[in-house]
Structure formats: C-alpha cells, structure tokens
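The structure appears below as structure tokens.
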Amino acid sequence: MDSEATLEEKTLNVGGCKCQALIHKSEGVPVVFFHGLSYTIHIWERIGVTEHLVEKKVPFLALDMPYGLKSNCQPKTRDPKTNITFAAEAIKAVFGNQAPVVVGASLGGYIALNYAATHPVKGLFLIAPAHAFDNDELVAAYKGFKFPVRIVWGTHDSIISGEEMRTLADTLPNAKMLVYNGAAHSAYQDQPEWFKRDLLELYATAE
C-alpha cells in the first residue's frame with residue numbers, strides 16, 4: 001500500500017555533496033533520475049513524468065547531480081566517481097539496499113552506465129547517453145549488463161549519433177533502441193508521452 005502519495009523536495013547531504021532531490025516513496029522497485037548537463041531535477045516535473053509516477057504509485061528519486069551546470073548542488077564536479085558515490089549514498093539513504101531502475105539523460109546516461117557497472121540495478125533507461133565508448137573499463141563491463149536496457153535516440157539529435165546508439169544497443173546483452181522521430185538530443189522533452197509510456201514498459205519488465 002502507498003504510504004505517501006505526495007512528492008517531497010528536500011536536501012540530501014551524502015557522499016560529500018549537498019544536493020536537492022525530489023522523492024516519492026511507495027512500494028516496489030524505485031526509479032532514479034539523473035538529469036543532463038544543463039538541467040536540474042525540475043525537468044522531470046516539467047515533462048510530467050514525476051506526476052505520472054506518483055499517480056501510478058511508483059517510488060522514485062530525482063537527484064540534482066554534482067555535474068549539473070544549473071543544479072542546486074555543492075560542490076560541483078564532473079568527476080564520475082564523485083557523482084556515482086553521491087548517487088549511491090543518496091539511493092541508499094532513501095530506499096535502503098533496493099536496486100533501482102536508473103534513468104539517465106546525456107551526461108546523466110554516462111553516469112548511469114558507470115553506476116550500473118559498479119552497483120546493482122534492475123534496469124537502465126538511457127536518453128542519448130554521452131561518452132558510452134570513451135572508457136575501456138566501462139565498455140568491458142557491458143557484457144555483464146544482464147538487466148533490461150532501453151536507449152532512446154531522437155532523429156534530430158545533433159550531439160549523439162544514431163550509429164553510436166545502435167552500436168551501444170548491439171553491445172549490451174539485453175538492450176533495445178527506441179527511435180523518437182523528430183526529437184532532438186533531449187528527446188524526452190520533445191516526446192514526453194512516448195517517454196512516459198516507454199519508461200513504464202521497461203519498469204514492468206524490471207519489477
């Protein structure tokens with residue numbers, strides 16, 4: 001039963017970083033959101049996905065991340081290890097040892113891939129993840145990604161190529177590429193209804 005039907009915004013001071021977070025607690029596998037470089041936790045509110053998950057009684061945690069240019073987070077750093085440590089401790093503080101479904105956009109997708117290489121996850125939902133093949137150690141870990149993965153790419157993306165995303169989908173053992181026609185790099189903003197539908201479809205396979 002859902003013990004808390006409201007969305008809570010609070011500051012999390014964990015892993016050496018102090019950052020804002022949106023939290024919805026409920027029963028089930030939690031969803032964790034990592035925004036893109038130029039965004040904050042409020043992007044997920046603007047496209048309606050947080051409201052949608054509250055309605056569906058899906059627990060989630062949206063984090064302002066230390067790498068974010070506009071995030072309400074101190075200190076700021078793009079160091080992957082610092083961001084992953086912060087995320088891991090934030091997830092543990094809110095949801096204990098539950099393995100989450102992780103959503104990551106662009107740079108957040110890169111952090112999500114690195115997180116999944118070192119921590120248990122139930123699934124990954126990635127929107128045009130950056131730097132997917134820049135780190136040999138990370139690429140070597142991909143063969144162990146047995147959980148379901150969805151990779152969203154917009155046909156008008158001028159930053160990440162469709163060829164790279166298809167290669168990533170082919171490299172990961174249990175991945176599917178989703179092409180959003182007419183969408184740009186932040187494809188979830190251009191097609192929020194598709195994004196919500198596809199996220200819940202992945203979520204259903206990860207429970």
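Ordering of the structure tokens sets the chain letters (A, B, ...); residue numbers start at 1 within each chain; ligands are numbered from 1 in the order shown.
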Give the strand (DSSP E) residues of region 13-198 of chain A, as DSSP finds them on the backbone, and put them as an MDAnalysis selection string.
chainID A and resid 13:14 17:24 31:34 60:63 73:74 101:105 123:127 149:154 175:180
Tell me which protein, DNA and RNA residues are within 12 Å of Glu51 (chain A), counting only C-alpha atoms, leaving out same-chain ones fewer than 4 positions away, and put them as a list of chain:residue names.
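In the requested format, the answer is A:Ala5, A:Thr6, A:Leu7, A:Glu8, A:Leu22, A:Ile23, A:His24, A:His42, A:Ile43, A:Trp44, A:Glu45, A:Arg46, A:Ile47, A:Glu55, A:Lys56, A:Lys57, A:Val58, A:Pro59, A:Phe60, A:Lys196.
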For the selection you just gave me, I'd like the residues written to a file as a short mmCIF file (atom, residue, chain, number, x, y, z; two decimals), in the first residue's frame, keeping N, CA and C atoms.
```cif
data_model
loop_
_atom_site.label_atom_id
_atom_site.label_comp_id
_atom_site.auth_asym_id
_atom_site.auth_seq_id
_atom_site.Cartn_x
_atom_site.Cartn_y
_atom_site.Cartn_z
N ALA A 5 1.50 9.63 -0.69
CA ALA A 5 1.06 9.95 -2.05
C ALA A 5 1.57 11.31 -2.51
N THR A 6 2.43 11.93 -1.74
CA THR A 6 2.89 13.27 -2.07
C THR A 6 4.34 13.24 -2.55
N LEU A 7 4.69 14.31 -3.25
CA LEU A 7 6.04 14.50 -3.75
C LEU A 7 6.78 15.41 -2.78
N GLU A 8 7.95 14.98 -2.33
CA GLU A 8 8.72 15.74 -1.35
C GLU A 8 10.00 16.26 -1.98
N LEU A 22 14.02 15.25 -5.40
CA LEU A 22 12.58 15.01 -5.38
C LEU A 22 12.37 13.55 -5.03
N ILE A 23 11.52 13.30 -4.05
CA ILE A 23 11.35 11.94 -3.53
C ILE A 23 9.87 11.58 -3.48
N HIS A 24 9.57 10.39 -3.97
CA HIS A 24 8.23 9.81 -3.77
C HIS A 24 8.41 8.38 -3.30
N HIS A 42 14.05 19.54 -11.85
CA HIS A 42 12.74 20.07 -12.23
C HIS A 42 12.37 19.78 -13.69
N ILE A 43 13.34 19.32 -14.50
CA ILE A 43 12.99 18.91 -15.87
C ILE A 43 12.01 17.75 -15.85
N TRP A 44 12.15 16.86 -14.87
CA TRP A 44 11.25 15.70 -14.80
C TRP A 44 9.84 16.12 -14.39
N GLU A 45 9.75 17.18 -13.61
CA GLU A 45 8.43 17.74 -13.29
C GLU A 45 7.81 18.41 -14.52
N ARG A 46 8.63 19.16 -15.27
CA ARG A 46 8.11 19.92 -16.41
C ARG A 46 7.51 19.02 -17.48
N ILE A 47 8.08 17.84 -17.67
CA ILE A 47 7.53 16.95 -18.70
C ILE A 47 6.44 16.03 -18.15
N GLU A 55 0.99 9.14 -9.64
CA GLU A 55 -0.33 8.58 -9.93
C GLU A 55 -0.29 7.05 -10.01
N LYS A 56 0.81 6.53 -10.60
CA LYS A 56 0.95 5.09 -10.77
C LYS A 56 1.51 4.40 -9.52
N LYS A 57 1.77 5.20 -8.47
CA LYS A 57 2.32 4.70 -7.20
C LYS A 57 3.67 4.00 -7.39
N VAL A 58 4.50 4.59 -8.26
CA VAL A 58 5.86 4.11 -8.50
C VAL A 58 6.82 4.97 -7.67
N PRO A 59 7.61 4.37 -6.78
CA PRO A 59 8.55 5.17 -5.98
C PRO A 59 9.69 5.70 -6.85
N PHE A 60 10.15 6.90 -6.53
CA PHE A 60 11.26 7.43 -7.33
C PHE A 60 12.07 8.46 -6.54
N LYS A 196 7.16 8.64 -21.20
CA LYS A 196 6.45 8.07 -20.05
C LYS A 196 5.98 6.64 -20.35
#
```
Among region 56-177 of chain A, which ones does DSSP place in helix (DSSP H, G or I), written as a PyMOL selection string?
chain A and resi 80-95+107-118+136-144+162-171
What does the distance between CA of Glu163 (chain A) and CA of Phe145 (chain A) come to in Å, to one decimal place?
20.4 Å
Restricting the calculation to only C-alpha atoms, which member of A:Ala187, A:Ala117, A:Ala141, A:Ile111 is positioned closest to Pro80 (chain A)?
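Of A:Ala187, A:Ala117, A:Ala141, A:Ile111, the one nearest Pro80 (chain A), counting only C-alpha atoms, is A:Ile111.
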Just the residues within 7 Å of Val32 (chain A), please, counting only C-alpha atoms, with nothing from its chain fewer than 4 positions along; format it as a list of chain:residue names.
A:Phe60, A:Leu61, A:Ala62, A:Pro100, A:Val101, A:Val102, A:Val103
Okay, now the selection with C-alpha atoms, as a short mmCIF file (atom, residue, chain, number, x, y, z; two decimals), in the first residue's frame?
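Below you can see out17.cif, which holds the result:
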```cif
data_model
loop_
_atom_site.label_atom_id
_atom_site.label_comp_id
_atom_site.auth_asym_id
_atom_site.auth_seq_id
_atom_site.Cartn_x
_atom_site.Cartn_y
_atom_site.Cartn_z
CA PHE A 60 11.26 7.43 -7.33
CA LEU A 61 14.19 9.69 -6.54
CA ALA A 62 15.22 12.56 -8.84
CA PRO A 100 16.66 0.73 -8.75
CA VAL A 101 15.75 1.30 -12.36
CA VAL A 102 18.05 4.17 -13.37
CA VAL A 103 17.06 6.84 -15.90
#
```
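Reported to one decimal place, the separation of CA of Phe147 (chain A) from CA of Ala99 (chain A) is 11.2 Å.
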As a list in words, please: the residues near region 151-156 of chain A (cut-off 9 Å, only C-alpha atoms, same-chain neighbours under 5 positions excluded).
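Returned residues: Leu124, Phe125, Leu126, Ile127, Ala128, Pro129, Ser161, Gly162, Met165, Arg166, Leu168, Ala169, Ala175, Lys176, Met177, Leu178, Val179, Tyr180, Asn181, Gly182, Ala183, Ala184, His185, Ser186, Ala187, Tyr188, Asp190 and Phe195 of chain A.
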May I ask which of the residues A:Lys70, A:His52, A:Lys81, A:Lys25 is the closest one to Thr118 (chain A), counting only C-alpha atoms?
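Checking each candidate against Thr118 (chain A), we get A:Lys81 as the closest.
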Contact residues around Gly36 (chain A) with only C-alpha atoms at 7 Å, ignoring same-chain residues under 6 positions, as a compact mmCIF listing (two decimals) with N, CA and C atoms, in the first residue's frame:
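That gives us out_24.txt:
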```
# COMPACT_ATOMS: atom_id res chain seq x y z
N ALA A 105 19.97 10.89 -18.73
CA ALA A 105 19.93 11.65 -19.97
C ALA A 105 21.29 12.25 -20.27
N SER A 106 21.81 11.97 -21.47
CA SER A 106 23.07 12.55 -21.95
C SER A 106 24.21 12.26 -20.98
N LEU A 107 24.78 13.28 -20.33
CA LEU A 107 25.84 13.03 -19.35
C LEU A 107 25.31 12.17 -18.20
N GLY A 108 24.05 12.38 -17.85
CA GLY A 108 23.42 11.52 -16.84
C GLY A 108 23.35 10.07 -17.27
```
Counting only C-alpha atoms, which of A:Leu37, A:Ile159, A:Val14, A:Val31 gets nearest to Ser71 (chain A)?
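The shortest atom-to-atom distance to Ser71 (chain A) comes from A:Leu37.
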Choose the residue, out of A:Asp79, A:Glu201, A:Glu164, A:Glu9, that has the smallest atom-to-atom separation from Ala132 (chain A); count only C-alpha atoms.
A:Glu164
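What separates CA of Gly48 (chain A) from CA of Ile84 (chain A) is a distance of 25.8 Å.
Of the listed residues A:Ala116, A:Val49, A:Ala90, A:Leu200, the one whose atoms come nearest to Lys143 (chain A) is A:Ala116, with distances taken using only C-alpha atoms.
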Excluding Leu202 (chain A) and its own-chain neighbours fewer than 3 positions away, which residues fall within 9 Å of it when counting only C-alpha atoms? Please give them as a ChimeraX atom specification.
/A:101,123-125,148-150,197-199,205-206
Would you save the residues of that selection, restricted to N, CA and C atoms, as a CSV table (one decimal), in the first residue's frame?
```
chain,number,residue,atom,x,y,z
A,101,VAL,N,15.7,1.0,-10.9
A,101,VAL,CA,15.8,1.3,-12.4
A,101,VAL,C,16.3,2.7,-12.5
A,123,GLY,N,17.3,-2.2,-14.1
A,123,GLY,CA,17.2,-1.8,-15.5
A,123,GLY,C,17.8,-0.4,-15.7
A,124,LEU,N,18.0,-0.1,-17.0
A,124,LEU,CA,18.5,1.2,-17.4
A,124,LEU,C,17.6,1.8,-18.5
A,125,PHE,N,17.2,3.1,-18.3
A,125,PHE,CA,16.5,3.8,-19.4
A,125,PHE,C,17.3,5.0,-19.7
A,148,PRO,N,17.4,-5.4,-18.3
A,148,PRO,CA,16.9,-4.8,-19.5
A,148,PRO,C,17.3,-3.3,-19.6
A,149,VAL,N,17.6,-2.9,-20.8
A,149,VAL,CA,18.1,-1.6,-21.1
A,149,VAL,C,17.3,-1.0,-22.3
A,150,ARG,N,16.8,0.2,-22.2
A,150,ARG,CA,16.3,0.9,-23.3
A,150,ARG,C,17.1,2.2,-23.6
A,197,ARG,N,5.4,6.4,-21.5
A,197,ARG,CA,5.0,5.1,-21.9
A,197,ARG,C,6.1,4.1,-21.9
A,198,ASP,N,7.2,4.5,-22.6
A,198,ASP,CA,8.4,3.6,-22.7
A,198,ASP,C,9.1,3.3,-21.4
A,199,LEU,N,9.1,4.3,-20.5
A,199,LEU,CA,9.7,4.1,-19.2
A,199,LEU,C,8.9,3.1,-18.4
A,205,THR,N,9.1,-4.7,-16.9
A,205,THR,CA,10.0,-5.8,-17.1
A,205,THR,C,11.0,-6.0,-16.0
A,206,ALA,N,11.2,-4.9,-15.2
A,206,ALA,CA,12.3,-4.9,-14.2
A,206,ALA,C,11.8,-5.2,-12.9
```
For Gln98 (chain A), please output as a PyMOL selection string all residues within 8 Å (counting only C-alpha atoms; exclusion window: fewer than 4 positions along the same chain).
chain A and resi 29-30+92
